[in-house]
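K.L.:
This one is final.cif, mmCIF, C-alpha atoms and all ligand atoms.
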data_final
loop_
_atom_site.label_atom_id
_atom_site.label_comp_id
_atom_site.auth_asym_id
_atom_site.auth_seq_id
_atom_site.Cartn_x
_atom_site.Cartn_y
_atom_site.Cartn_z
CA MET Y 211 0.00 0.00 0.00
CA ARG Y 212 1.36 3.34 -0.97
CA GLN Y 213 -0.23 6.48 0.36
CA ARG Y 214 0.39 9.87 -1.15
CA LEU Y 215 0.46 13.06 0.79
CA THR Y 216 -1.54 15.90 -0.53
CA ARG Y 217 -0.17 19.10 -1.84
CA ALA Y 218 -0.94 21.74 0.68
CA SER Y 219 -4.15 22.53 -1.13
CA SER Y 220 -6.50 20.39 0.88
CA LEU Y 221 -5.20 22.24 3.92
CA PHE Y 222 -6.18 25.46 2.17
CA TRP Y 223 -9.65 24.16 1.56
CA VAL Y 224 -10.41 23.43 5.11
CA ALA Y 225 -8.78 26.49 6.57
CA ALA Y 226 -10.32 28.75 3.98
CA LEU Y 227 -13.72 27.16 4.33
CA LEU Y 228 -13.58 27.65 8.08
CA ALA Y 229 -12.60 31.26 7.75
CA ALA Y 230 -15.04 32.67 5.27
CA PRO Y 231 -17.89 31.90 2.95
CA ALA Y 232 -16.95 31.76 -0.69
CA VAL Y 233 -15.82 35.02 -2.16
CA ALA Y 234 -14.82 35.92 -5.67
CA ASP Y 235 -11.26 36.66 -4.63
CA LEU Y 236 -9.24 35.95 -1.56
CA SER Y 237 -9.64 38.47 1.21
CA PRO Y 238 -6.56 39.60 3.16
CA VAL Y 239 -7.44 37.17 5.97
CA GLU Y 240 -7.82 34.31 3.52
CA ARG Y 241 -4.50 35.21 1.96
CA ASP Y 242 -2.92 35.07 5.42
CA ILE Y 243 -4.47 31.67 6.02
CA VAL Y 244 -3.12 30.32 2.75
CA ALA Y 245 0.32 31.75 3.48
CA ALA Y 246 0.34 30.29 6.99
CA VAL Y 247 -0.51 26.81 5.72
CA ALA Y 248 2.29 27.01 3.15
CA ALA Y 249 4.82 28.38 5.64
CA GLU Y 250 4.09 25.63 8.15
CA ALA Y 251 3.87 22.74 5.67
CA ARG Y 252 7.20 21.19 6.66
CA ALA Y 253 6.38 21.34 10.36
CA HIS Y 254 3.05 19.67 9.66
CA VAL Y 255 4.71 16.83 7.76
CA GLU Y 256 7.14 16.39 10.65
CA LEU Y 257 4.21 16.19 13.04
CA LEU Y 258 2.72 13.56 10.77
CA GLU Y 259 5.98 11.59 10.80
CA ARG Y 260 6.03 11.75 14.58
CA ILE Y 261 2.50 10.47 15.12
CA VAL Y 262 2.73 7.82 12.38
CA ASN Y 263 5.78 6.40 14.15
CA ILE Y 264 3.70 5.88 17.29
CA ASN Y 265 1.81 2.63 16.82
CA SER Y 266 -1.89 3.25 17.48
CA GLY Y 267 -3.65 0.10 16.33
CA THR Y 268 -7.18 0.24 17.73
CA MET Y 269 -6.42 -2.37 20.39
CA ASN Y 270 -3.16 -0.67 21.46
CA ALA Y 271 -4.76 1.71 23.95
CA ASP Y 272 -1.43 3.12 25.17
CA GLY Y 273 -0.43 4.08 21.64
CA VAL Y 274 -3.81 5.62 20.83
CA LYS Y 275 -3.55 7.74 24.00
CA GLU Y 276 0.01 8.76 23.14
CA VAL Y 277 -1.03 10.02 19.70
CA GLY Y 278 -3.88 11.84 21.41
CA SER Y 279 -1.53 13.46 23.87
CA VAL Y 280 0.81 14.72 21.12
CA LEU Y 281 -2.13 16.27 19.28
CA SER Y 282 -3.75 17.72 22.40
CA GLY Y 283 -0.41 19.43 23.15
CA VAL Y 284 -0.45 21.01 19.70
CA PHE Y 285 -4.06 22.13 20.05
CA GLU Y 286 -3.41 23.65 23.45
CA ARG Y 287 -0.47 25.61 22.08
CA HIS Y 288 -2.95 27.15 19.65
CA GLY Y 289 -5.29 28.12 22.45
CA LEU Y 290 -7.80 25.26 22.33
CA GLN Y 291 -9.14 23.50 25.41
CA THR Y 292 -8.76 19.74 25.28
CA HIS Y 293 -9.94 16.79 27.30
CA TRP Y 294 -9.78 13.03 27.09
CA VAL Y 295 -13.01 11.03 27.08
CA ASP Y 296 -12.63 7.64 28.76
CA LEU Y 297 -14.89 4.74 27.84
CA PRO Y 298 -16.11 2.17 30.36
CA PRO Y 299 -13.66 -0.75 30.78
CA SER Y 300 -16.23 -3.10 29.21
CA ALA Y 301 -15.88 -1.23 25.90
CA ASP Y 302 -12.18 -2.22 25.86
CA ARG Y 303 -11.05 0.85 23.90
CA ALA Y 304 -8.69 3.76 24.55
CA GLY Y 305 -11.22 6.63 24.48
CA HIS Y 306 -11.32 9.85 22.48
CA LEU Y 307 -9.63 13.25 22.26
CA VAL Y 308 -11.95 16.27 22.27
CA ALA Y 309 -10.73 19.83 21.63
CA ASN Y 310 -12.71 23.05 21.55
CA ALA Y 311 -11.98 26.60 20.47
CA THR Y 312 -14.59 28.96 21.77
CA PRO Y 313 -14.34 32.56 20.59
CA GLN Y 314 -13.44 34.87 23.46
CA ASN Y 315 -15.50 37.76 22.26
CA GLY Y 316 -18.82 35.95 22.60
CA LYS Y 317 -19.57 36.45 18.91
CA ASP Y 318 -22.37 34.36 17.55
CA VAL Y 319 -20.37 32.29 15.07
CA PRO Y 320 -21.04 28.90 13.52
CA ASN Y 321 -20.02 25.77 15.35
CA ILE Y 322 -17.96 23.53 13.10
CA LEU Y 323 -17.26 19.94 14.06
CA LEU Y 324 -14.07 18.45 12.64
CA ILE Y 325 -13.82 14.66 12.86
CA GLY Y 326 -10.57 12.72 13.03
CA HIS Y 327 -9.49 9.42 14.51
CA LEU Y 328 -6.37 8.41 16.36
CA ASP Y 329 -6.35 4.68 15.72
CA THR Y 330 -5.23 2.71 12.67
CA VAL Y 331 -5.79 -0.84 11.43
CA PHE Y 332 -2.10 -1.61 11.94
CA GLU Y 333 -1.77 -3.27 15.34
CA LEU Y 334 1.51 -3.84 17.20
CA ASP Y 335 2.09 -7.17 15.45
CA SER Y 336 1.81 -5.64 11.95
CA PRO Y 337 5.07 -5.51 9.97
CA PHE Y 338 4.05 -2.03 8.73
CA GLN Y 339 5.15 0.40 11.44
CA ARG Y 340 7.33 3.23 10.12
CA PHE Y 341 6.89 6.51 8.29
CA GLU Y 342 8.96 6.75 5.14
CA TYR Y 343 9.52 9.63 2.73
CA LEU Y 344 9.14 8.77 -0.94
CA PRO Y 345 10.36 10.72 -3.98
CA GLY Y 346 8.40 13.88 -4.72
CA ASN Y 347 5.72 14.99 -2.29
CA ARG Y 348 4.75 11.50 -1.21
CA ALA Y 349 5.18 9.40 1.87
CA ARG Y 350 4.05 6.04 3.12
CA GLY Y 351 3.35 4.75 6.58
CA PRO Y 352 0.68 3.07 8.70
CA GLY Y 353 -2.31 5.38 8.86
CA VAL Y 354 -0.71 8.16 6.80
CA THR Y 355 -3.99 8.83 5.04
CA ASP Y 356 -6.40 6.86 7.26
CA MET Y 357 -6.22 9.11 8.99
CA LYS Y 358 -3.26 10.65 10.74
CA GLY Y 359 -2.76 12.87 7.70
CA GLY Y 360 -6.32 14.12 8.12
CA ASN Y 361 -5.66 14.85 11.79
CA VAL Y 362 -2.68 16.95 10.71
CA VAL Y 363 -4.90 18.78 8.20
CA ILE Y 364 -7.07 19.74 11.17
CA VAL Y 365 -3.98 20.94 13.04
CA ALA Y 366 -2.92 22.94 9.99
CA ALA Y 367 -6.33 24.58 9.77
CA VAL Y 368 -6.32 25.48 13.45
CA ALA Y 369 -2.77 26.85 13.25
CA ALA Y 370 -3.49 28.89 10.12
CA LEU Y 371 -6.63 30.40 11.62
CA ALA Y 372 -4.67 31.36 14.72
CA HIS Y 373 -1.88 32.86 12.63
CA ALA Y 374 -4.35 34.89 10.57
CA GLY Y 375 -6.14 36.12 13.67
CA ALA Y 376 -9.32 34.45 12.46
CA SER Y 377 -9.80 32.00 15.34
CA GLY Y 378 -12.58 34.14 16.75
CA ASP Y 379 -14.64 33.72 13.59
CA VAL Y 380 -15.49 30.09 14.22
CA ASN Y 381 -16.51 27.96 17.12
CA LEU Y 382 -14.51 24.78 16.59
CA SER Y 383 -15.24 21.35 18.01
CA ILE Y 384 -12.75 18.63 17.24
CA VAL Y 385 -13.44 14.98 18.03
CA MET Y 386 -10.75 12.40 17.33
CA THR Y 387 -12.06 8.98 18.20
CA GLY Y 388 -9.73 6.24 19.38
CA ASP Y 389 -11.67 3.33 17.91
CA GLU Y 390 -12.91 4.27 14.45
CA GLU Y 391 -11.56 1.14 12.82
CA ARG Y 392 -13.23 -1.18 15.37
CA PRO Y 393 -15.77 0.83 17.36
CA GLY Y 394 -16.27 -0.23 20.96
CA ARG Y 395 -19.70 -1.59 21.91
CA PRO Y 396 -22.36 -0.64 22.55
CA ILE Y 397 -22.26 2.00 19.82
CA PRO Y 398 -24.36 4.59 21.73
CA VAL Y 399 -21.68 4.49 24.45
CA SER Y 400 -18.60 4.50 22.22
CA ARG Y 401 -20.06 7.24 19.98
CA LYS Y 402 -21.57 9.43 22.71
CA ALA Y 403 -18.84 12.11 22.60
CA LEU Y 404 -19.17 12.31 18.82
CA LEU Y 405 -22.97 12.49 18.94
CA ASP Y 406 -22.89 15.17 21.64
CA ALA Y 407 -20.59 17.27 19.48
CA GLY Y 408 -22.73 16.59 16.41
CA ARG Y 409 -25.87 17.88 18.11
CA ASN Y 410 -24.17 21.24 18.71
CA ALA Y 411 -22.71 21.52 15.22
CA ASP Y 412 -23.84 23.81 12.42
CA TYR Y 413 -21.46 22.11 9.99
CA ILE Y 414 -19.56 18.82 10.12
CA LEU Y 415 -16.37 18.04 8.22
CA GLY Y 416 -14.71 14.61 8.07
CA LEU Y 417 -11.02 14.64 7.27
CA GLU Y 418 -10.53 11.07 6.13
CA ASN Y 419 -8.56 10.45 2.97
CA ASN Y 420 -9.73 11.76 -0.36
CA ILE Y 421 -9.56 9.99 -3.70
CA ASN Y 422 -8.11 13.02 -5.47
CA LEU Y 423 -7.56 16.70 -4.79
CA THR Y 424 -10.57 17.95 -6.66
CA SER Y 425 -13.40 16.08 -5.02
CA ALA Y 426 -15.36 15.86 -1.80
CA THR Y 427 -17.78 13.33 -0.39
CA VAL Y 428 -21.40 14.42 0.09
CA ALA Y 429 -22.77 10.96 0.85
CA ARG Y 430 -21.63 7.67 2.23
CA ARG Y 431 -23.48 4.40 2.29
CA GLY Y 432 -24.41 2.78 5.56
CA SER Y 433 -23.67 -0.85 6.27
CA SER Y 434 -25.59 -3.47 8.19
CA GLY Y 435 -25.80 -7.24 8.54
CA TRP Y 436 -28.37 -9.99 8.13
CA LYS Y 437 -28.70 -13.61 9.09
CA LEU Y 438 -30.97 -16.09 7.31
CA GLU Y 439 -31.89 -19.32 9.11
CA VAL Y 440 -33.82 -22.01 7.28
CA LYS Y 441 -35.28 -25.21 8.74
CA GLY Y 442 -36.46 -28.29 6.87
CA VAL Y 443 -37.55 -31.81 7.78
CA ARG Y 444 -34.79 -34.38 7.84
CA GLY Y 445 -35.48 -37.70 6.12
CA HIS Y 446 -34.39 -40.06 3.38
CA SER Y 447 -33.81 -38.31 0.10
CA SER Y 448 -36.00 -40.77 -1.76
CA GLN Y 449 -38.95 -38.99 -0.08
CA VAL Y 450 -37.91 -35.42 -0.91
CA PHE Y 451 -40.84 -33.50 -2.50
CA SER Y 452 -43.28 -35.78 -0.63
CA ASP Y 453 -45.98 -34.25 1.57
CA ARG Y 454 -44.08 -35.27 4.69
CA LEU Y 455 -40.52 -34.12 3.82
CA GLY Y 456 -41.23 -31.29 1.42
CA ALA Y 457 -38.35 -29.41 -0.18
CA GLY Y 458 -35.66 -29.43 2.45
CA ALA Y 459 -33.75 -26.49 3.88
CA ILE Y 460 -31.20 -26.13 1.10
CA PHE Y 461 -33.76 -25.79 -1.71
CA GLU Y 462 -35.64 -23.24 0.38
CA ALA Y 463 -32.46 -21.24 1.10
CA SER Y 464 -31.64 -21.29 -2.62
CA ARG Y 465 -35.14 -20.05 -3.47
CA ILE Y 466 -34.79 -17.20 -1.00
CA LEU Y 467 -31.35 -16.11 -2.21
CA ASP Y 468 -32.43 -16.33 -5.82
CA ALA Y 469 -35.48 -14.19 -5.04
CA PHE Y 470 -33.28 -11.63 -3.26
CA TYR Y 471 -31.17 -11.45 -6.37
CA GLY Y 472 -34.13 -11.26 -8.73
CA GLN Y 473 -36.54 -9.07 -6.75
CA VAL Y 474 -34.61 -6.88 -4.33
CA ARG Y 475 -31.58 -6.03 -6.44
CA GLY Y 476 -31.58 -3.02 -8.74
CA GLU Y 477 -31.90 0.18 -6.73
CA ARG Y 478 -28.96 2.53 -7.09
CA TYR Y 479 -26.46 2.21 -4.21
CA LEU Y 480 -28.34 -0.71 -2.70
CA THR Y 481 -26.15 -3.80 -2.43
CA PHE Y 482 -26.47 -6.95 -0.38
CA ASN Y 483 -24.21 -9.90 -0.30
CA PRO Y 484 -24.44 -13.37 1.22
CA GLY Y 485 -20.92 -13.81 2.54
CA VAL Y 486 -21.08 -17.30 3.97
CA ILE Y 487 -23.53 -20.21 3.76
CA LEU Y 488 -23.67 -23.48 5.66
CA GLY Y 489 -26.24 -26.18 5.01
CA GLY Y 490 -26.91 -29.86 5.71
CA THR Y 491 -28.17 -32.14 8.41
CA ALA Y 492 -26.36 -30.20 11.11
CA VAL Y 493 -24.57 -26.84 10.95
CA GLU Y 494 -22.62 -24.85 13.47
CA TYR Y 495 -21.77 -21.24 12.78
CA ASP Y 496 -19.18 -19.35 14.87
CA ALA Y 497 -20.15 -15.70 14.38
CA ARG Y 498 -17.15 -14.28 16.22
CA ASN Y 499 -14.70 -15.85 13.79
CA SER Y 500 -16.97 -15.94 10.72
CA ARG Y 501 -16.49 -19.65 10.23
CA GLY Y 502 -18.37 -22.89 10.79
CA ASP Y 503 -18.98 -26.58 10.13
CA ALA Y 504 -21.62 -28.37 8.13
CA PHE Y 505 -22.47 -32.06 8.00
CA GLY Y 506 -24.81 -33.63 5.48
CA LYS Y 507 -25.23 -36.65 3.25
CA THR Y 508 -26.36 -36.84 -0.33
CA ASN Y 509 -29.17 -39.21 0.60
CA VAL Y 510 -30.57 -37.09 3.45
CA VAL Y 511 -32.91 -34.13 3.03
CA ALA Y 512 -31.22 -31.08 4.56
CA GLN Y 513 -32.53 -29.82 7.88
CA ASP Y 514 -30.57 -26.63 8.47
CA VAL Y 515 -29.11 -23.69 6.55
CA VAL Y 516 -27.46 -20.57 7.90
CA VAL Y 517 -26.52 -17.64 5.65
CA ARG Y 518 -24.75 -14.51 6.86
CA GLY Y 519 -24.66 -11.42 4.71
CA GLY Y 520 -24.21 -7.67 4.56
CA LEU Y 521 -26.39 -4.87 3.18
CA ARG Y 522 -25.31 -1.38 2.11
CA PHE Y 523 -27.66 1.49 1.53
CA ILE Y 524 -27.70 5.22 0.82
CA THR Y 525 -30.69 6.20 3.01
CA GLU Y 526 -32.45 4.72 6.01
CA ASP Y 527 -35.53 4.57 3.83
CA GLN Y 528 -33.74 2.45 1.25
CA LYS Y 529 -32.52 0.16 4.02
CA LYS Y 530 -36.04 -0.25 5.40
CA ARG Y 531 -37.56 -0.94 1.99
CA ALA Y 532 -34.92 -3.54 1.16
CA ARG Y 533 -35.39 -5.25 4.51
CA GLU Y 534 -39.16 -5.34 4.09
CA ARG Y 535 -38.88 -6.93 0.65
CA MET Y 536 -36.43 -9.49 2.01
CA ARG Y 537 -38.80 -10.29 4.89
CA GLN Y 538 -41.67 -10.82 2.44
CA ILE Y 539 -39.60 -13.27 0.42
CA VAL Y 540 -38.65 -15.15 3.57
CA ARG Y 541 -42.25 -15.32 4.80
CA THR Y 542 -43.75 -17.69 2.21
CA ASN Y 543 -41.89 -20.97 2.14
CA LEU Y 544 -41.53 -24.11 0.07
CA PRO Y 545 -43.37 -27.14 1.50
CA GLN Y 546 -42.30 -28.29 4.97
CA THR Y 547 -39.74 -25.52 5.43
CA GLU Y 548 -39.62 -22.36 7.46
CA ALA Y 549 -37.22 -19.45 7.43
CA THR Y 550 -36.38 -16.39 9.52
CA ILE Y 551 -34.22 -13.41 8.70
CA THR Y 552 -32.77 -11.07 11.30
CA PHE Y 553 -31.07 -7.74 10.64
CA THR Y 554 -28.40 -5.97 12.66
CA ASP Y 555 -27.55 -2.30 12.38
CA GLY Y 556 -23.97 -1.18 11.80
CA TYR Y 557 -23.16 2.25 10.38
CA PRO Y 558 -26.05 4.49 9.36
CA ALA Y 559 -26.01 6.07 5.92
CA MET Y 560 -24.92 9.64 5.28
CA PRO Y 561 -27.38 10.61 2.54
CA PRO Y 562 -26.68 13.45 0.08
CA SER Y 563 -28.92 15.97 1.86
CA GLU Y 564 -29.62 19.44 0.51
CA GLY Y 565 -27.45 20.85 3.29
CA ASN Y 566 -24.53 18.66 2.25
CA LEU Y 567 -24.93 19.69 -1.38
CA ALA Y 568 -25.05 23.39 -0.46
CA LEU Y 569 -21.90 23.00 1.64
CA PHE Y 570 -20.28 21.18 -1.25
CA GLU Y 571 -21.05 24.10 -3.58
CA GLN Y 572 -19.49 26.45 -1.06
CA LEU Y 573 -16.33 24.36 -0.80
CA SER Y 574 -16.15 24.09 -4.57
CA ALA Y 575 -16.31 27.89 -4.81
CA VAL Y 576 -13.46 28.13 -2.28
CA SER Y 577 -11.46 25.72 -4.39
CA VAL Y 578 -12.06 27.91 -7.45
CA ASP Y 579 -10.98 31.00 -5.50
CA LEU Y 580 -7.81 29.17 -4.53
CA GLY Y 581 -7.10 28.48 -8.18
CA GLU Y 582 -7.68 24.73 -7.80
CA GLY Y 583 -10.78 24.55 -9.98
CA PRO Y 584 -14.28 23.28 -9.17
CA LEU Y 585 -14.77 20.06 -7.25
CA SER Y 586 -16.59 16.89 -8.18
CA GLN Y 587 -18.59 14.64 -5.89
CA VAL Y 588 -17.18 11.25 -4.96
CA ASP Y 589 -19.43 8.35 -5.98
CA PRO Y 590 -20.84 6.99 -2.69
CA GLY Y 591 -20.45 3.51 -4.17
CA ARG Y 592 -16.70 3.97 -3.84
CA ARG Y 593 -16.68 4.82 -0.15
CA GLY Y 594 -17.08 2.75 2.98
CA ALA Y 595 -18.76 3.82 6.18
CA ALA Y 596 -17.03 6.13 8.67
CA ASP Y 597 -17.57 7.96 11.94
CA ILE Y 598 -19.15 10.93 10.16
CA SER Y 599 -22.05 8.62 9.27
CA PHE Y 600 -23.15 8.64 12.93
CA VAL Y 601 -23.64 12.42 12.96
CA GLY Y 602 -24.10 13.32 9.28
CA ARG Y 603 -27.88 13.64 9.67
CA LEU Y 604 -27.47 16.29 12.40
CA ALA Y 605 -26.00 19.09 10.25
CA PRO Y 606 -24.71 19.77 6.73
CA SER Y 607 -21.70 17.49 6.33
CA LEU Y 608 -18.81 16.80 3.98
CA ALA Y 609 -16.38 13.91 4.21
CA GLY Y 610 -13.15 12.89 2.54
CA LEU Y 611 -11.36 16.24 2.96
CA GLY Y 612 -8.03 14.71 3.97
CA PRO Y 613 -4.91 13.76 2.07
CA VAL Y 614 -5.02 11.78 -1.15
CA ARG Y 615 -4.42 8.09 -1.03
CA GLN Y 616 -2.61 6.57 -3.93
CA GLN Y 617 -2.77 2.81 -4.22
CA SER Y 618 -0.02 1.15 -6.13
CA ALA Y 619 -0.03 -2.43 -7.31
CA CYS Y 620 1.18 -4.46 -4.36
ZN ZN U 1 -10.44 5.81 8.97
#
Take the structure in the file and write it out as structure tokens.

P.N.:
Amino acid sequence: MRQRLTRASSLFWVAALLAAPAVADLSPVERDIVAAVAAEARAHVELLERIVNINSGTMNADGVKEVGSVLSGVFERHGLQTHWVDLPPSADRAGHLVANATPQNGKDVPNILLIGHLDTVFELDSPFQRFEYLPGNRARGPGVTDMKGGNVVIVAAVAALAHAGASGDVNLSIVMTGDEERPGRPIPVSRKALLDAGRNADYILGLENNINLTSATVARRGSSGWKLEVKGVRGHSSQVFSDRLGAGAIFEASRILDAFYGQVRGERYLTFNPGVILGGTAVEYDARNSRGDAFGKTNVVAQDVVVRGGLRFITEDQKKRARERMRQIVRTNLPQTEATITFTDGYPAMPPSEGNLALFEQLSAVSVDLGEGPLSQVDPGRRGAADISFVGRLAPSLAGLGPVRQQSAC
């Protein structure tokens, strides 16, 4: 995996967006902000190097807290108040960093929530641990774009606003979660700090990696899970299709999956996928490790089937409609079989609301003013779920404002 650092421009975007609504030309304050970002670029990359070299795999609580303490030190130097949010021991996660900049002069200014996360998918036992400069303006390292680079973009924005004397023009809330890659449970507990901040926000910006420098994310799909369990009557296969044995569990599971494919599929951004299936006379599924055992014989009508799958959606409404259609299909069964489907919620969707689209237009205008050209919207089909999905419905939101990730063949 090779991850490319952005040119300074995505720093400009965020800082400039925070400072002022779109204007035809840069104001003196905006020019100061742009200059401050450029002047500090090397220091920001060094900060990135420092925090990338601290392992902060989600389950390495000490490392997550250490990254948080480096960043809280930086925020405090720029006049922000910070605190650490602990989670209950049962959640088994490090906690979150929260920072706030409240204007001294009591001005009524918008509250902007900036979302980062301190953890990465690279745990202590990963071979990928060090920051490394690459030719040109690129670097690689664990979490460089997902999302320590985005955290540094937030730092750069805060620093540039302070330098330009514009800190008083926004009311900043920053939440950097310590468990974005594997959220602690239950979700309402592990996401409480984020939700609290979201409820107070007028605008929400997520600084996770971008796919290029001229786009932003107005919508992300939500993800959820489902489990299909089918029961049949066990008996000798010579009697399959008889009144007593009926179709068997495997035929019924096949009917259901085929009907999902034929009748539920087709809506834009709606996808669902059976990831694992076990069927036979006896099945045992181990959900924790996503594996299992099945026993069956060719001359015995199957008694049990378990299917586990995922479902991605662009709105809650789409999710509900898809689930209802799946339930209907599961309700009427082949002879002598019965089936149940259960759904579990994961990440909610961040739909492309009018507020998000208006904010996108504003950011695009800023990009034009900065000489970077208009922006395009990232196809939600290309993005996974993220922390911003938990709060995106609370205020106009944009995601993917961080550094650019460049995948190379490896
Ligand atoms: Zn991430």

K.L.:
Considering all atoms listed in the file, state which residue in the set Y:Lys358, Y:Arg401, Y:Arg348, Y:His373 is at the smallest distance from Val247 in chain Y.

P.N.:
Y:His373

K.L.:
Which protein, DNA or RNA residues have an atom within 6 Å of ligand ZN 1 (chain U), counting all atoms listed in the file, as a list in words?

P.N.:
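What falls inside 6 Å of ligand ZN 1 (chain U) is Asp356, Met357 and Glu418 of chain Y.
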
K.L.:
Restricting the output to C-alpha atoms, write the selected residues as a compact mmCIF listing (two decimals), in the frame of the given file.

P.N.:
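result03.txt, written as the output of this step:
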# COMPACT_ATOMS: atom_id res chain seq x y z
CA ASP Y 356 -6.40 6.86 7.26
CA MET Y 357 -6.22 9.11 8.99
CA GLU Y 418 -10.53 11.07 6.13

K.L.:
Applying 12 Å and all atoms listed in the file, which residues near Pro545 in chain Y remain after dropping the ones on its own chain fewer than 4 positions away? List them as a PyMOL selection string.

P.N.:
chain Y and resi 441-443+450-459+461-462+465+549

K.L.:
Can you list, as a PDB file with C-alpha atoms, keeping the file's coordinate frame, every protein, DNA or RNA residue that comes within 9 Å of Val274 in chain Y when you count all atoms listed in the file, leaving out same-chain residues fewer than 6 positions away?

P.N.:
ATOM      1  CA  ILE Y 264       3.700   5.880  17.290  1.00  0.00           C
ATOM      2  CA  ASN Y 265       1.810   2.630  16.820  1.00  0.00           C
ATOM      3  CA  SER Y 266      -1.890   3.250  17.480  1.00  0.00           C
ATOM      4  CA  GLY Y 267      -3.650   0.100  16.330  1.00  0.00           C
ATOM      5  CA  THR Y 268      -7.180   0.240  17.730  1.00  0.00           C
ATOM      6  CA  ALA Y 304      -8.690   3.760  24.550  1.00  0.00           C
ATOM      7  CA  GLY Y 305     -11.220   6.630  24.480  1.00  0.00           C
ATOM      8  CA  HIS Y 306     -11.320   9.850  22.480  1.00  0.00           C
ATOM      9  CA  LEU Y 328      -6.370   8.410  16.360  1.00  0.00           C
ATOM     10  CA  ASP Y 329      -6.350   4.680  15.720  1.00  0.00           C
ATOM     11  CA  THR Y 330      -5.230   2.710  12.670  1.00  0.00           C
ATOM     12  CA  GLY Y 388      -9.730   6.240  19.380  1.00  0.00           C
ATOM     13  CA  ASP Y 389     -11.670   3.330  17.910  1.00  0.00           C
TER      14      ASP Y 389
END

K.L.:
What separation in Å, quoted to one decimal, exists between CA of Ile421 in chain Y and CA of Gly520 in chain Y?

P.N.:
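Separation of CA of Ile421 in chain Y and CA of Gly520 in chain Y: 24.4 Å.
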